[in-house]
Amino acid sequence: MLTKEQISEWFMQLQENICSALETEDGSGKFVEDNWKREGGGGGRTRIIQNGNVIEKGGVLFSAVHGPIPDFLKKDTIPTTSSQQPTTTFYATGVSIVIHPENPMVPIIHMNVRYFEMDNGVWWFGGGIDLTPHYVIEQDAKFFHSALKNACDKHNENYYAEYKKWADDYFFIKHRNETRGVGGIFFDKLNQKQNLTKEQLFEFVKEVGNTFAPTYTKLMNKNKTLPFSEANKQWQLLRRGRYVEFNLIYDLGTKFGLESNGRVESILMSLPKLAAWEYDYSPANDSLEAQTLNFLKKNISWA
């Protein structure tokens, strides 16, 4: 029987593999490790890379935390009419990644793969990967989505369409009426209701995790030497501002981390080093910036 400890061990190794691949492709940046303990139980190791050849700021976070269930989760976990003892403790483990590149022609990327269980026997997996280009390059978006579709198809040919739609809906900045980027896949609360064992679902999560490094390092390599102007950098800062808005207003992982008394520095490692907001900014018609905004919509077929 697959245990939470085995799942955590695999996530720790995934962190190792991804950090190694990113350092190799960056060429100069090195991850600095920060081991931490959570007051309520458990802890993790946050690895941060800054001021590299390609990566301006990035984080690869592993955590395995446990303790009393936060109040905001109790409505989903404690049965309202049951003779069972209500659940009181949780265990959550996973890997979270956000990379903010220096060159605005290299996209931002995010991945999270996670496992959650409670002492009443309830458990589930969640995760996903999404891409946020400062400038949408159609070839790159198609390559990225094709890699995700290939990973999904190895396990279920329905996964990609279902989880792409989920990502389109989840990574949507409602107050801006635009998607955060070109999307990807997103899934949550995968459990025995899918008529699959924990082991089978974990194999899918592992597939997603292992797709990250070869996919993103190829995009880094392709775009890291492209020329850019100061105007491109200013646009990059504005797009990072949108990224910040989503993460602080809508992101469930940020909410869970903060409301479960997680470590603030690690939770907010997803934020860029620099970002900007300009009042009522509108790009020139037919500019590359305007073209990018036209791609920030749901239901675009990329793969």
# chains A, B, ... in the order shown; residues from 1 in each chain; ligands from 1
>>> closest_atom_pairs(of="segment 162-230 of chain A", to="segment 290-303 of chain A", cutoff="6 Å", atoms="only C-alpha atoms", output="CSV")
residue,atom,partner,partner_atom,distance
A:Asp168,CA,A:Lys298,CA,5.4
A:Glu178,CA,A:Leu296,CA,5.4
A:Thr179,CA,A:Leu296,CA,4.9
A:Gly181,CA,A:Leu296,CA,5.9
>>> write_last_selection(atoms="N, CA and C atoms", output="JSON list (two decimals), in the first residue's frame")
[["chain", "number", "residue", "atom", "x", "y", "z"],
["A", 168, "ASP", "N", -8.04, 26.58, -17.85],
["A", 168, "ASP", "CA", -8.56, 27.82, -18.43],
["A", 168, "ASP", "C", -9.48, 28.55, -17.45],
["A", 178, "GLU", "N", -9.26, 38.27, -18.36],
["A", 178, "GLU", "CA", -8.23, 37.65, -19.19],
["A", 178, "GLU", "C", -7.62, 36.47, -18.43],
["A", 179, "THR", "N", -7.11, 35.51, -19.19],
["A", 179, "THR", "CA", -6.40, 34.39, -18.58],
["A", 179, "THR", "C", -5.02, 34.85, -18.13],
["A", 181, "GLY", "N", -2.26, 33.36, -18.61],
["A", 181, "GLY", "CA", -1.31, 33.09, -19.69],
["A", 181, "GLY", "C", -1.98, 32.22, -20.73]]
>>> select_by_dssp(residues="segment 9-243 of chain A", states="helix (DSSP H, G or I)", output="number ranges by chain")
A: 9-26, 71-77, 138-153, 159-170, 192-194, 198-223, 230-243
>>> closest_residue(among="A:Leu201, A:His110, A:Phe90, A:Gly209", to="Ala167 of chain A", atoms="only C-alpha atoms")
A:His110
>>> closest_atom_pairs(of="segment 167-275 of chain A", to="segment 117-130 of chain A", cutoff="8 Å", atoms="only C-alpha atoms", output="JSON lines")
{"residue": "A:Ala167", "atom": "CA", "partner": "A:Asp130", "partner_atom": "CA", "distance": 7.6}
{"residue": "A:Gly181", "atom": "CA", "partner": "A:Asp130", "partner_atom": "CA", "distance": 7.6}
{"residue": "A:Val182", "atom": "CA", "partner": "A:Asp130", "partner_atom": "CA", "distance": 7.2}
{"residue": "A:Gly183", "atom": "CA", "partner": "A:Asp130", "partner_atom": "CA", "distance": 4.9}
{"residue": "A:Gly184", "atom": "CA", "partner": "A:Asp130", "partner_atom": "CA", "distance": 4.3}
{"residue": "A:Ile185", "atom": "CA", "partner": "A:Gly128", "partner_atom": "CA", "distance": 5.1}
{"residue": "A:Phe186", "atom": "CA", "partner": "A:Gly128", "partner_atom": "CA", "distance": 4.2}
{"residue": "A:Phe187", "atom": "CA", "partner": "A:Gly126", "partner_atom": "CA", "distance": 5.4}
{"residue": "A:Asp188", "atom": "CA", "partner": "A:Gly126", "partner_atom": "CA", "distance": 3.9}
{"residue": "A:Lys189", "atom": "CA", "partner": "A:Trp124", "partner_atom": "CA", "distance": 4.7}
{"residue": "A:Leu190", "atom": "CA", "partner": "A:Phe125", "partner_atom": "CA", "distance": 5.0}
{"residue": "A:Asn191", "atom": "CA", "partner": "A:Trp124", "partner_atom": "CA", "distance": 4.8}
{"residue": "A:Leu201", "atom": "CA", "partner": "A:Phe125", "partner_atom": "CA", "distance": 7.5}
{"residue": "A:Phe202", "atom": "CA", "partner": "A:Phe125", "partner_atom": "CA", "distance": 7.5}
{"residue": "A:Val205", "atom": "CA", "partner": "A:Gly127", "partner_atom": "CA", "distance": 7.5}
{"residue": "A:Val208", "atom": "CA", "partner": "A:Gly128", "partner_atom": "CA", "distance": 7.3}
{"residue": "A:Phe212", "atom": "CA", "partner": "A:Ile129", "partner_atom": "CA", "distance": 7.7}
>>> write_last_selection(atoms="C-alpha atoms", output="compact mmCIF listing (two decimals), in the first residue's frame")
# COMPACT_ATOMS: atom_id res chain seq x y z
CA ALA A 167 -6.88 25.29 -16.14
CA GLY A 181 -1.31 33.09 -19.69
CA VAL A 182 -1.82 30.33 -22.26
CA GLY A 183 -3.02 27.89 -19.63
CA GLY A 184 -1.99 24.28 -19.31
CA ILE A 185 -3.62 21.61 -17.18
CA PHE A 186 -5.08 21.75 -13.68
CA PHE A 187 -6.67 19.00 -11.56
CA ASP A 188 -7.66 18.60 -7.96
CA LYS A 189 -9.15 16.07 -5.53
CA LEU A 190 -8.32 13.05 -7.68
CA ASN A 191 -9.21 10.05 -5.52
CA LEU A 201 -3.30 8.15 -9.72
CA PHE A 202 0.16 8.69 -8.32
CA VAL A 205 0.95 12.79 -10.97
CA VAL A 208 3.07 15.43 -14.86
CA PHE A 212 8.24 19.90 -16.26
>>> select_by_dssp(residues="segment 140-235 of chain A", states="strand (DSSP E or B)", output="count of residues only")
12
>>> atom_distance(atom1="atom CA of Ala151 of chain A", atom2="atom CA of Phe204 of chain A")
8.1 Å
>>> atom_distance(atom1="atom CA of Ala92 of chain A", atom2="atom CA of Arg114 of chain A")
7.3 Å
>>> closest_atom_pairs(of="segment 42-156 of chain A", to="segment 11-23 of chain A", cutoff="7 Å", atoms="only C-alpha atoms", output="tab-separated table")
residue	atom	partner	partner_atom	distance
A:Val60	CA	A:Gln15	CA	6.6
A:Phe62	CA	A:Met12	CA	6.3
A:Gly94	CA	A:Phe11	CA	6.0
A:Val95	CA	A:Phe11	CA	6.2
>>> write_last_selection(atoms="N, CA and C atoms", output="PDB file, in the first residue's frame")
ATOM      1  N   VAL A  60      11.768  26.484  -6.096  1.00  0.00           N
ATOM      2  CA  VAL A  60      11.309  25.095  -6.158  1.00  0.00           C
ATOM      3  C   VAL A  60      11.137  24.652  -4.712  1.00  0.00           C
ATOM      4  N   PHE A  62       9.644  22.166  -1.730  1.00  0.00           N
ATOM      5  CA  PHE A  62       9.099  20.892  -1.250  1.00  0.00           C
ATOM      6  C   PHE A  62       8.585  21.113   0.159  1.00  0.00           C
ATOM      7  N   GLY A  94       4.030  18.045  -1.192  1.00  0.00           N
ATOM      8  CA  GLY A  94       4.069  18.341  -2.614  1.00  0.00           C
ATOM      9  C   GLY A  94       5.262  19.186  -2.997  1.00  0.00           C
ATOM     10  N   VAL A  95       5.290  19.515  -4.275  1.00  0.00           N
ATOM     11  CA  VAL A  95       6.327  20.372  -4.851  1.00  0.00           C
ATOM     12  C   VAL A  95       5.636  21.507  -5.595  1.00  0.00           C
TER      13      VAL A  95
END
>>> residues_around(residues="Leu274 of chain A", least_positions_apart="3", cutoff="10 Å", atoms="only C-alpha atoms", output="list in words")
Glu56, Lys57, His100, Gln236, Leu237, Leu238, Arg240, Gly241 and Leu271 of chain A
